[in-house]
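Participant: Structure supplied as model_33.csv; contents: CSV, C-alpha atoms.
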chain,number,residue,atom,x,y,z
A,66,MET,CA,3.0,8.8,17.7
A,67,LYS,CA,-0.7,8.9,16.9
A,68,ILE,CA,-1.4,7.1,13.7
A,69,GLY,CA,-4.9,7.8,12.5
A,70,LYS,CA,-7.3,9.3,10.1
A,71,TRP,CA,-6.6,12.8,8.7
A,72,LYS,CA,-9.3,15.4,8.9
A,73,ILE,CA,-10.2,17.0,5.5
A,74,LEU,CA,-10.4,20.8,6.1
A,75,ASP,CA,-11.0,21.7,2.5
A,76,SER,CA,-11.2,19.8,-0.9
A,77,LYS,CA,-11.5,21.0,-4.4
A,78,TYR,CA,-11.5,19.3,-7.8
A,79,ILE,CA,-8.7,20.2,-10.3
A,80,ILE,CA,-10.1,18.1,-13.1
A,81,LYS,CA,-13.1,15.8,-13.6
A,82,ARG,CA,-12.9,13.9,-16.9
A,83,PRO,CA,-13.9,10.4,-17.8
A,84,TRP,CA,-10.3,9.2,-17.6
A,85,LEU,CA,-8.9,11.5,-14.9
A,86,THR,CA,-10.5,12.9,-11.8
A,87,ALA,CA,-8.1,14.6,-9.4
A,88,ARG,CA,-8.8,16.7,-6.3
A,89,VAL,CA,-6.6,18.6,-3.9
A,90,ASP,CA,-7.3,18.3,-0.1
A,91,LYS,CA,-6.2,20.5,2.7
A,92,VAL,CA,-5.7,18.0,5.6
A,93,GLU,CA,-5.0,18.0,9.3
A,94,LEU,CA,-2.9,15.2,10.7
A,95,PRO,CA,-3.7,13.7,14.2
A,96,ASN,CA,-0.6,15.6,15.5
A,97,GLY,CA,-2.3,18.9,14.5
A,98,VAL,CA,0.0,19.6,11.5
A,99,VAL,CA,-1.8,20.9,8.4
A,100,HIS,CA,-0.8,19.7,5.0
A,101,PRO,CA,-2.2,22.4,2.6
A,102,GLU,CA,-2.0,20.5,-0.6
A,103,TYR,CA,-2.5,16.7,-0.7
A,104,TYR,CA,-3.5,15.3,-4.2
A,105,VAL,CA,-6.0,12.5,-4.5
A,106,LEU,CA,-6.8,10.6,-7.8
A,107,GLU,CA,-10.4,9.3,-7.9
A,108,TYR,CA,-10.9,6.2,-10.1
A,109,PRO,CA,-13.6,3.6,-10.5
A,110,SER,CA,-12.8,0.0,-9.4
A,111,TRP,CA,-10.5,-2.0,-11.6
A,112,VAL,CA,-10.4,-5.7,-12.4
A,113,ASN,CA,-7.9,-8.1,-13.9
A,114,VAL,CA,-8.0,-11.9,-14.5
A,115,ILE,CA,-5.6,-14.8,-14.2
A,116,ALA,CA,-7.3,-16.9,-16.8
A,117,LEU,CA,-6.3,-20.5,-17.4
A,118,THR,CA,-7.4,-23.0,-20.0
A,119,ALA,CA,-8.1,-26.6,-19.1
A,120,ASP,CA,-4.6,-27.5,-20.4
A,121,HIS,CA,-3.0,-24.9,-18.1
A,122,GLN,CA,-2.3,-22.1,-20.6
A,123,PHE,CA,-2.5,-18.5,-19.4
A,124,VAL,CA,-4.8,-16.4,-21.6
A,125,MET,CA,-3.0,-13.0,-21.7
A,126,VAL,CA,-2.8,-9.9,-23.9
A,127,GLU,CA,-0.1,-7.9,-25.5
A,128,GLN,CA,-0.6,-4.2,-25.4
A,129,TYR,CA,1.1,-0.9,-25.8
A,130,ARG,CA,1.3,1.1,-22.5
A,131,HIS,CA,1.7,4.8,-23.1
A,132,GLY,CA,2.9,5.7,-19.6
A,133,LEU,CA,6.0,3.6,-19.9
A,134,GLY,CA,6.1,3.9,-23.7
A,135,ASP,CA,6.5,0.2,-24.4
A,136,VAL,CA,4.6,-3.0,-25.3
A,137,PHE,CA,3.9,-5.5,-22.5
A,138,THR,CA,2.3,-8.9,-22.1
A,139,GLU,CA,-0.2,-8.5,-19.3
A,140,LEU,CA,-3.3,-10.0,-17.7
A,141,VAL,CA,-6.7,-9.0,-19.2
A,142,ALA,CA,-7.8,-5.9,-17.2
A,143,GLY,CA,-10.3,-3.2,-17.3
A,144,VAL,CA,-12.6,-0.8,-15.5
A,145,VAL,CA,-15.8,-1.7,-13.6
A,146,GLU,CA,-18.7,0.2,-15.0
A,147,GLU,CA,-21.3,2.0,-12.9
A,148,ASN,CA,-23.6,-0.4,-11.2
A,149,GLU,CA,-21.6,-3.3,-12.4
A,150,GLN,CA,-20.3,-6.1,-10.2
A,151,PRO,CA,-16.5,-6.6,-10.3
A,152,LEU,CA,-16.9,-10.3,-11.3
A,153,HIS,CA,-19.1,-9.3,-14.2
A,154,ALA,CA,-16.6,-6.7,-15.3
A,155,ALA,CA,-13.8,-9.3,-15.2
A,156,GLN,CA,-15.9,-11.8,-17.3
A,157,ARG,CA,-16.9,-9.0,-19.7
A,158,GLU,CA,-13.3,-7.8,-20.2
A,159,LEU,CA,-12.0,-11.4,-20.7
A,160,LEU,CA,-14.6,-12.0,-23.4
A,161,GLU,CA,-14.1,-8.6,-25.1
A,162,GLU,CA,-10.3,-8.7,-25.1
A,163,THR,CA,-9.8,-12.4,-25.9
A,164,GLY,CA,-13.0,-14.1,-26.8
A,165,TYR,CA,-12.5,-16.5,-23.9
A,166,GLY,CA,-15.2,-17.3,-21.4
A,167,LYS,CA,-17.1,-19.9,-19.3
A,168,GLY,CA,-14.9,-21.7,-16.7
A,169,ASP,CA,-14.8,-21.5,-12.9
A,170,TRP,CA,-14.3,-18.1,-11.3
A,171,GLN,CA,-13.1,-17.0,-7.8
A,172,LEU,CA,-12.0,-13.7,-6.3
A,173,PHE,CA,-8.3,-14.1,-5.8
A,174,THR,CA,-6.9,-10.9,-4.3
A,175,VAL,CA,-7.9,-7.2,-3.9
A,176,LEU,CA,-5.1,-4.6,-4.2
A,177,SER,CA,-4.4,-0.9,-4.6
A,178,ALA,CA,-2.0,0.7,-7.1
A,179,ASN,CA,-1.3,3.4,-4.5
A,180,PRO,CA,-3.3,3.7,-1.2
A,181,GLY,CA,-1.8,7.1,-0.5
A,182,SER,CA,-3.1,8.9,-3.5
A,183,MET,CA,-5.7,6.7,-5.2
A,184,THR,CA,-9.2,5.9,-4.0
A,185,ASN,CA,-9.9,2.7,-5.9
A,186,LEU,CA,-9.2,-1.0,-5.5
A,187,SER,CA,-8.3,-3.6,-8.2
A,188,TYR,CA,-10.1,-7.0,-8.0
A,189,THR,CA,-8.1,-9.9,-9.4
A,190,TYR,CA,-10.1,-13.1,-10.3
A,191,LEU,CA,-8.7,-16.5,-10.9
A,192,ALA,CA,-10.6,-18.2,-13.7
A,193,THR,CA,-9.9,-21.8,-14.5
A,194,ASN,CA,-11.1,-23.9,-17.4
A,195,VAL,CA,-11.9,-20.9,-19.6
A,196,GLU,CA,-12.4,-21.7,-23.3
A,197,PRO,CA,-12.7,-19.7,-26.6
A,198,ILE,CA,-16.4,-19.0,-27.1
A,199,SER,CA,-16.3,-15.9,-29.3
A,200,THR,CA,-14.0,-13.5,-31.1
A,201,GLN,CA,-12.4,-10.2,-29.7
A,202,HIS,CA,-14.7,-7.2,-29.4
A,203,LEU,CA,-12.5,-4.2,-29.0
A,204,ASP,CA,-13.1,-0.5,-28.8
A,205,GLU,CA,-11.4,1.2,-31.7
A,206,THR,CA,-8.8,2.7,-29.3
A,207,GLU,CA,-7.8,-0.8,-28.1
A,208,ASP,CA,-5.0,-2.5,-29.9
A,209,ILE,CA,-4.7,-5.8,-28.1
A,210,ALA,CA,-3.3,-9.1,-29.3
A,211,VAL,CA,-4.2,-12.4,-27.5
A,212,ARG,CA,-1.3,-14.4,-26.2
A,213,LEU,CA,-1.5,-17.9,-24.8
A,214,LEU,CA,1.5,-18.5,-22.4
A,215,THR,CA,2.7,-21.6,-20.6
A,216,GLU,CA,3.3,-21.6,-16.9
A,217,THR,CA,7.1,-21.5,-17.6
A,218,GLU,CA,6.7,-18.5,-19.8
A,219,VAL,CA,4.7,-16.6,-17.2
A,220,LYS,CA,7.2,-17.4,-14.5
A,221,ALA,CA,9.9,-16.1,-16.8
A,222,LEU,CA,8.0,-12.8,-17.3
A,223,LEU,CA,7.9,-12.4,-13.5
A,224,MET,CA,11.5,-13.5,-12.9
A,225,ASP,CA,12.8,-11.1,-15.6
A,226,ASP,CA,10.8,-8.2,-14.4
A,227,ARG,CA,9.0,-8.0,-17.7
A,228,MET,CA,5.6,-8.1,-15.8
A,229,LYS,CA,5.9,-4.5,-14.7
A,230,GLN,CA,2.3,-3.9,-13.7
A,231,SER,CA,2.3,-4.5,-9.9
A,232,LEU,CA,-1.5,-5.1,-9.8
A,233,MET,CA,-0.8,-8.1,-12.0
A,234,ALA,CA,2.6,-9.2,-10.7
A,235,ALA,CA,1.3,-9.5,-7.1
A,236,PRO,CA,-1.5,-11.9,-7.9
A,237,LEU,CA,0.7,-13.9,-10.2
A,238,TRP,CA,3.4,-14.2,-7.6
A,239,LYS,CA,0.7,-15.2,-5.1
A,240,TYR,CA,-0.5,-17.8,-7.5
A,241,PHE,CA,2.9,-19.4,-7.9
A,242,ALA,CA,3.8,-18.9,-4.1
A,243,LEU,CA,0.6,-20.9,-3.1
A,244,GLN,CA,1.1,-23.7,-5.6
A,245,GLY,CA,4.9,-23.9,-4.9
A,246,LEU,CA,7.2,-22.3,-7.5
B,233,MET,CA,-3.4,-6.4,-35.3
B,234,LYS,CA,-0.3,-4.1,-35.1
B,235,ILE,CA,0.8,-3.6,-31.5
B,236,GLY,CA,3.2,-0.8,-31.3
B,237,LYS,CA,4.1,2.6,-30.1
B,238,TRP,CA,1.6,5.4,-30.2
B,239,LYS,CA,2.5,8.7,-31.9
B,240,ILE,CA,2.0,11.8,-29.7
B,241,LEU,CA,0.3,14.4,-31.9
B,242,ASP,CA,-0.1,17.0,-29.2
B,243,SER,CA,0.6,17.2,-25.4
B,244,LYS,CA,-0.1,19.7,-22.8
B,245,TYR,CA,0.3,19.9,-19.0
B,246,ILE,CA,-2.9,20.2,-16.9
B,247,ILE,CA,-1.0,20.6,-13.6
B,248,LYS,CA,2.7,20.8,-12.5
B,249,ARG,CA,3.0,20.7,-8.8
B,250,PRO,CA,5.6,19.0,-6.6
B,251,TRP,CA,3.1,16.1,-5.8
B,252,LEU,CA,1.1,16.0,-9.0
B,253,THR,CA,2.2,16.5,-12.6
B,254,ALA,CA,-0.4,15.5,-15.2
B,255,ARG,CA,-0.5,16.0,-18.9
B,256,VAL,CA,-3.1,15.2,-21.6
B,257,ASP,CA,-1.8,13.7,-24.9
B,258,LYS,CA,-3.5,13.5,-28.2
B,259,VAL,CA,-2.2,10.2,-29.6
B,260,GLU,CA,-2.4,8.2,-32.8
B,261,LEU,CA,-2.5,4.4,-32.6
B,262,PRO,CA,-0.7,2.2,-35.2
B,263,ASN,CA,-4.1,1.5,-36.8
B,264,GLY,CA,-4.5,5.2,-37.5
B,265,VAL,CA,-7.2,5.8,-34.8
B,266,VAL,CA,-6.7,9.0,-32.9
B,267,HIS,CA,-7.4,9.2,-29.2
B,268,PRO,CA,-7.9,12.9,-28.4
B,269,GLU,CA,-7.5,12.8,-24.7
B,270,TYR,CA,-5.1,10.4,-23.0
B,271,TYR,CA,-4.0,11.3,-19.5
B,272,VAL,CA,-0.5,10.7,-18.3
B,273,LEU,CA,0.8,11.1,-14.7
B,274,GLU,CA,4.5,12.0,-14.4
B,275,TYR,CA,6.2,11.0,-11.2
B,276,PRO,CA,9.8,10.6,-10.1
B,277,SER,CA,11.1,7.1,-9.4
B,278,TRP,CA,9.9,5.5,-6.2
B,279,VAL,CA,11.6,3.0,-3.9
B,280,ASN,CA,10.6,0.6,-1.2
B,281,VAL,CA,12.5,-1.9,1.0
B,282,ILE,CA,12.1,-5.4,2.3
B,283,ALA,CA,14.2,-4.9,5.4
B,284,LEU,CA,15.2,-7.9,7.5
B,285,THR,CA,17.1,-7.9,10.8
B,286,ALA,CA,19.6,-10.7,11.5
B,287,ASP,CA,16.9,-12.5,13.5
B,288,HIS,CA,14.5,-12.5,10.5
B,289,GLN,CA,12.2,-9.7,11.6
B,290,PHE,CA,10.7,-7.5,9.0
B,291,VAL,CA,11.2,-3.7,9.7
B,292,MET,CA,8.0,-2.1,8.5
B,293,VAL,CA,5.9,1.0,9.1
B,294,GLU,CA,2.3,1.8,10.1
B,295,GLN,CA,0.9,4.7,8.3
B,296,TYR,CA,-2.4,6.4,7.4
B,297,ARG,CA,-3.1,6.3,3.7
B,298,HIS,CA,-5.4,9.1,2.6
B,299,GLY,CA,-6.4,7.7,-0.8
B,300,LEU,CA,-8.0,4.6,0.8
B,301,GLY,CA,-8.7,6.5,4.1
B,302,ASP,CA,-7.3,3.8,6.4
B,303,VAL,CA,-4.1,2.8,8.4
B,304,PHE,CA,-1.9,0.2,6.9
B,305,THR,CA,1.3,-1.7,7.8
B,306,GLU,CA,3.6,-1.3,4.8
B,307,LEU,CA,7.2,-1.5,3.7
B,308,VAL,CA,9.3,1.6,4.1
B,309,ALA,CA,8.9,3.6,0.9
B,310,GLY,CA,9.6,7.0,-0.6
B,311,VAL,CA,10.5,9.1,-3.6
B,312,VAL,CA,13.9,9.2,-5.3
B,313,GLU,CA,15.2,12.8,-5.2
B,314,GLU,CA,16.8,14.5,-8.2
B,315,ASN,CA,20.2,13.2,-9.0
B,316,GLU,CA,19.9,10.5,-6.4
B,317,GLN,CA,20.5,6.8,-7.0
B,318,PRO,CA,17.5,4.6,-6.1
B,319,LEU,CA,19.7,2.5,-3.8
B,320,HIS,CA,20.7,5.6,-1.9
B,321,ALA,CA,17.0,6.8,-1.7
B,322,ALA,CA,16.0,3.4,-0.3
B,323,GLN,CA,18.8,3.5,2.4
B,324,ARG,CA,17.9,7.1,3.2
B,325,GLU,CA,14.2,6.3,3.6
B,326,LEU,CA,14.8,3.3,5.8
B,327,LEU,CA,17.0,5.4,8.1
B,328,GLU,CA,14.6,8.4,8.2
B,329,GLU,CA,11.5,6.3,8.7
B,330,THR,CA,12.8,3.7,11.1
B,331,GLY,CA,16.3,4.5,12.3
B,332,TYR,CA,17.5,1.2,10.8
B,333,GLY,CA,20.6,0.9,8.5
B,334,LYS,CA,23.7,-1.0,7.6
B,335,GLY,CA,23.1,-4.5,6.3
B,336,ASP,CA,23.4,-6.1,2.8
B,337,TRP,CA,21.5,-4.6,0.0
B,338,GLN,CA,20.4,-5.9,-3.4
B,339,LEU,CA,17.9,-4.7,-6.0
B,340,PHE,CA,15.0,-7.2,-5.8
B,341,THR,CA,12.4,-6.1,-8.4
B,342,VAL,CA,11.4,-3.1,-10.5
B,343,LEU,CA,7.6,-2.5,-11.0
B,344,SER,CA,5.1,0.1,-12.1
B,345,ALA,CA,1.9,1.0,-10.3
B,346,ASN,CA,0.2,1.6,-13.7
B,347,PRO,CA,2.2,1.4,-17.0
B,348,GLY,CA,-0.8,2.8,-18.9
B,349,SER,CA,-0.9,6.1,-17.3
B,350,MET,CA,2.2,6.5,-15.1
B,351,THR,CA,5.7,7.3,-16.3
B,352,ASN,CA,7.7,6.1,-13.3
B,353,LEU,CA,9.1,2.9,-11.9
B,354,SER,CA,9.3,1.6,-8.3
B,355,TYR,CA,12.6,0.0,-7.2
B,356,THR,CA,12.3,-2.6,-4.5
B,357,TYR,CA,15.5,-3.5,-2.5
B,358,LEU,CA,16.0,-6.5,-0.3
B,359,ALA,CA,18.1,-5.5,2.7
B,360,THR,CA,19.2,-8.2,5.1
B,361,ASN,CA,21.0,-7.9,8.5
B,362,VAL,CA,19.8,-4.3,9.0
B,363,GLU,CA,20.1,-3.0,12.6
B,364,PRO,CA,19.0,0.1,14.6
B,365,ILE,CA,21.6,2.7,14.2
B,366,SER,CA,19.7,5.9,14.8
B,367,THR,CA,16.2,7.3,15.6
B,368,GLN,CA,13.4,8.3,13.2
B,369,HIS,CA,13.9,11.5,11.4
B,370,LEU,CA,10.5,12.4,10.0
B,371,ASP,CA,9.1,15.4,8.1
B,372,GLU,CA,6.4,17.1,10.1
B,373,THR,CA,3.7,15.8,7.7
B,374,GLU,CA,4.9,12.1,8.2
B,375,ASP,CA,3.1,10.2,11.0
B,376,ILE,CA,4.8,6.8,10.9
B,377,ALA,CA,5.2,4.2,13.5
B,378,VAL,CA,7.9,1.5,13.3
B,379,ARG,CA,6.7,-2.1,13.4
B,380,LEU,CA,8.8,-5.3,13.6
B,381,LEU,CA,6.9,-8.2,12.2
B,382,THR,CA,7.7,-11.9,12.1
B,383,GLU,CA,7.6,-13.8,8.8
B,384,THR,CA,4.4,-15.4,9.9
B,385,GLU,CA,2.8,-12.0,10.5
B,386,VAL,CA,3.9,-10.7,7.1
B,387,LYS,CA,2.5,-13.8,5.4
B,388,ALA,CA,-0.8,-13.2,7.2
B,389,LEU,CA,-0.9,-9.6,6.0
B,390,LEU,CA,-0.5,-10.9,2.4
B,391,MET,CA,-3.0,-13.8,2.8
B,392,ASP,CA,-5.6,-11.6,4.4
B,393,ASP,CA,-5.3,-8.9,1.7
B,394,ARG,CA,-4.3,-6.4,4.3
B,395,MET,CA,-1.1,-5.5,2.3
B,396,LYS,CA,-3.1,-3.5,-0.2
B,397,GLN,CA,-0.2,-1.7,-1.9
B,398,SER,CA,0.6,-3.8,-4.9
B,399,LEU,CA,4.1,-2.3,-5.3
B,400,MET,CA,4.8,-3.9,-1.9
B,401,ALA,CA,2.6,-7.0,-2.2
B,402,ALA,CA,4.3,-8.1,-5.4
B,403,PRO,CA,7.9,-8.1,-4.1
B,404,LEU,CA,6.8,-9.7,-0.8
B,405,TRP,CA,5.0,-12.5,-2.6
B,406,LYS,CA,8.1,-12.9,-4.8
B,407,TYR,CA,10.2,-13.2,-1.7
B,408,PHE,CA,8.0,-15.9,-0.2
B,409,ALA,CA,7.6,-17.7,-3.6
B,410,LEU,CA,11.4,-17.9,-4.1
B,411,GLN,CA,12.1,-19.2,-0.6
B,412,GLY,CA,9.1,-21.6,-0.6
B,413,LEU,CA,6.0,-20.4,1.3
Could I get this file's structure written as structure tokens?
Facilitator:
Amino acid sequence: MKIGKWKILDSKYIIKRPWLTARVDKVELPNGVVHPEYYVLEYPSWVNVIALTADHQFVMVEQYRHGLGDVFTELVAGVVEENEQPLHAAQRELLEETGYGKGDWQLFTVLSANPGSMTNLSYTYLATNVEPISTQHLDETEDIAVRLLTETEVKALLMDDRMKQSLMAAPLWKYFALQGL
Amino acid sequence: MKIGKWKILDSKYIIKRPWLTARVDKVELPNGVVHPEYYVLEYPSWVNVIALTADHQFVMVEQYRHGLGDVFTELVAGVVEENEQPLHAAQRELLEETGYGKGDWQLFTVLSANPGSMTNLSYTYLATNVEPISTQHLDETEDIAVRLLTETEVKALLMDDRMKQSLMAAPLWKYFALQGL
């Protein structure tokens, strides 16, 4: 069994819009088998933030998620703009969505929502000692409410499977695994 | 700030193929703002499995992932077929991809790769005491190698950010968080 890179024999875009870019590739596997129709979703990098205040509250957001059709409490997240650094994007999103800023920032984990079909990575930052320094600055299509949660409340979100977004559940479980649940 | 369900004013499919179904919705937010172009990806349910042998080895697979363009060691995973139960799909995928079966199975966590744009959920099962009962039965477009990893090796995958797939990283971190890292 040879496990290795596929050769792209042909590739064409189905759609190229600001929020969805999809292409279909004709690919050849190392074993010579040709897969005529493999779909790839191209996205820019994403970021999210585990943001903690000095008194150990998690700065999170409540938001409607149209794919699943329900309201969820999530980490602050967003898209990295062109020529922007992921860290800057994460700091920008935290400020825009919650008004919180400052603090100490470190890259915590880098994940993919789906390595098979998606081209981008999601960068999670751990920001400690953040504090309110401004008000929310939302786009008009963003309806987001700020929520401060205790550690117990965040653990309950995870344990009850209410933190559905795996790009957020993974770093939060990592955070609690490393510090001892 | 009213956080609540969006109203779908219009909806049309861009593509409906076995491996990609995408639609664009025109939606109205609770605040009355209309978003003319919101993309939704419709997928069937997915499954993956944390499969452990009686001597605590993780039954995993090595596979090329075309979105990120690299080879990864991952949990066994797959798609739930029509009228199939997720548990059955998980057991079927483990058997097809690795030849392992039997054991004790429980639903471990239910996640989403992206609740904003994707409609489906991913069901993770924890299967203990699995054993080799058959050989691999792969589709010709699947190039998958079976890998048995120790707990230490799986933790290293997570710590080094080599387990990129968040739908697998989250349940694995949960597993280690619950048992004490």
Participant: By how many Å are atom CA of Lys77 of chain A and atom CA of Leu232 of chain A apart?
Facilitator: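 Atom-to-atom, atom CA of Lys77 of chain A and atom CA of Leu232 of chain A are spaced 28.5 Å apart.
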Participant: Skip segment 168-172 of chain A itself and residues of its chain fewer than 5 positions away, then list as a list in words all residues within 10 Å of it, counting all atoms listed in the file.
Facilitator: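 Answer for this query is Val114, Ile115, Ala116, Leu117, Thr118, Ala119, Pro151, Leu152, Ala155, Gln156, Tyr188, Thr189, Tyr190, Leu191, Ala192, Thr193, Asn194, Val195 and Glu196 of chain A.
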Participant: Could you state the separation of atom CA of Ile365 of chain B and atom CA of Pro403 of chain B in Å, given to one decimal place?
Facilitator: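 One can read the atom CA of Ile365 of chain B to atom CA of Pro403 of chain B distance as 25.3 Å.
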Participant: Starting from chain B, keep only residues with some atom at most 8 Å from an atom of chain A, counting all atoms listed in the file, and report them as a PyMOL selection string.
Facilitator: chain B and resi 233-238+251-252+261+265-267+270-273+294-303+341-352+372-373+375-377+393+395-399+401-403+405-406+408-410+412-413
Participant: Just how far from atom CA of Phe123 of chain A is atom CA of Leu214 of chain A, in Å to one decimal?
Facilitator: 5.0 Å
Participant: Would you mind telling me which residue in A:Lys220, A:Ser199, A:Ser110, A:Met125 lies nearest to Lys167 of chain A when using all atoms listed in the file?
Facilitator: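 When distances to Lys167 of chain A are compared using all atoms listed in the file, the smallest one comes from A:Ser199.
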Participant: Nearest to Glu329 of chain B among B:Ala309, B:Pro276, B:Gln317, B:Gln368, with distances taken over only C-alpha atoms: which residue is it?
Facilitator: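 Answer, going by the shortest atom-to-atom distance: B:Gln368.
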Participant: Counting only C-alpha atoms, figure out which residue out of A:Glu158, A:Thr217, A:Leu74, A:Gly166 gets nearest to Leu203 of chain A.
Facilitator: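 Nearest candidate to Leu203 of chain A out of A:Glu158, A:Thr217, A:Leu74, A:Gly166: A:Glu158.
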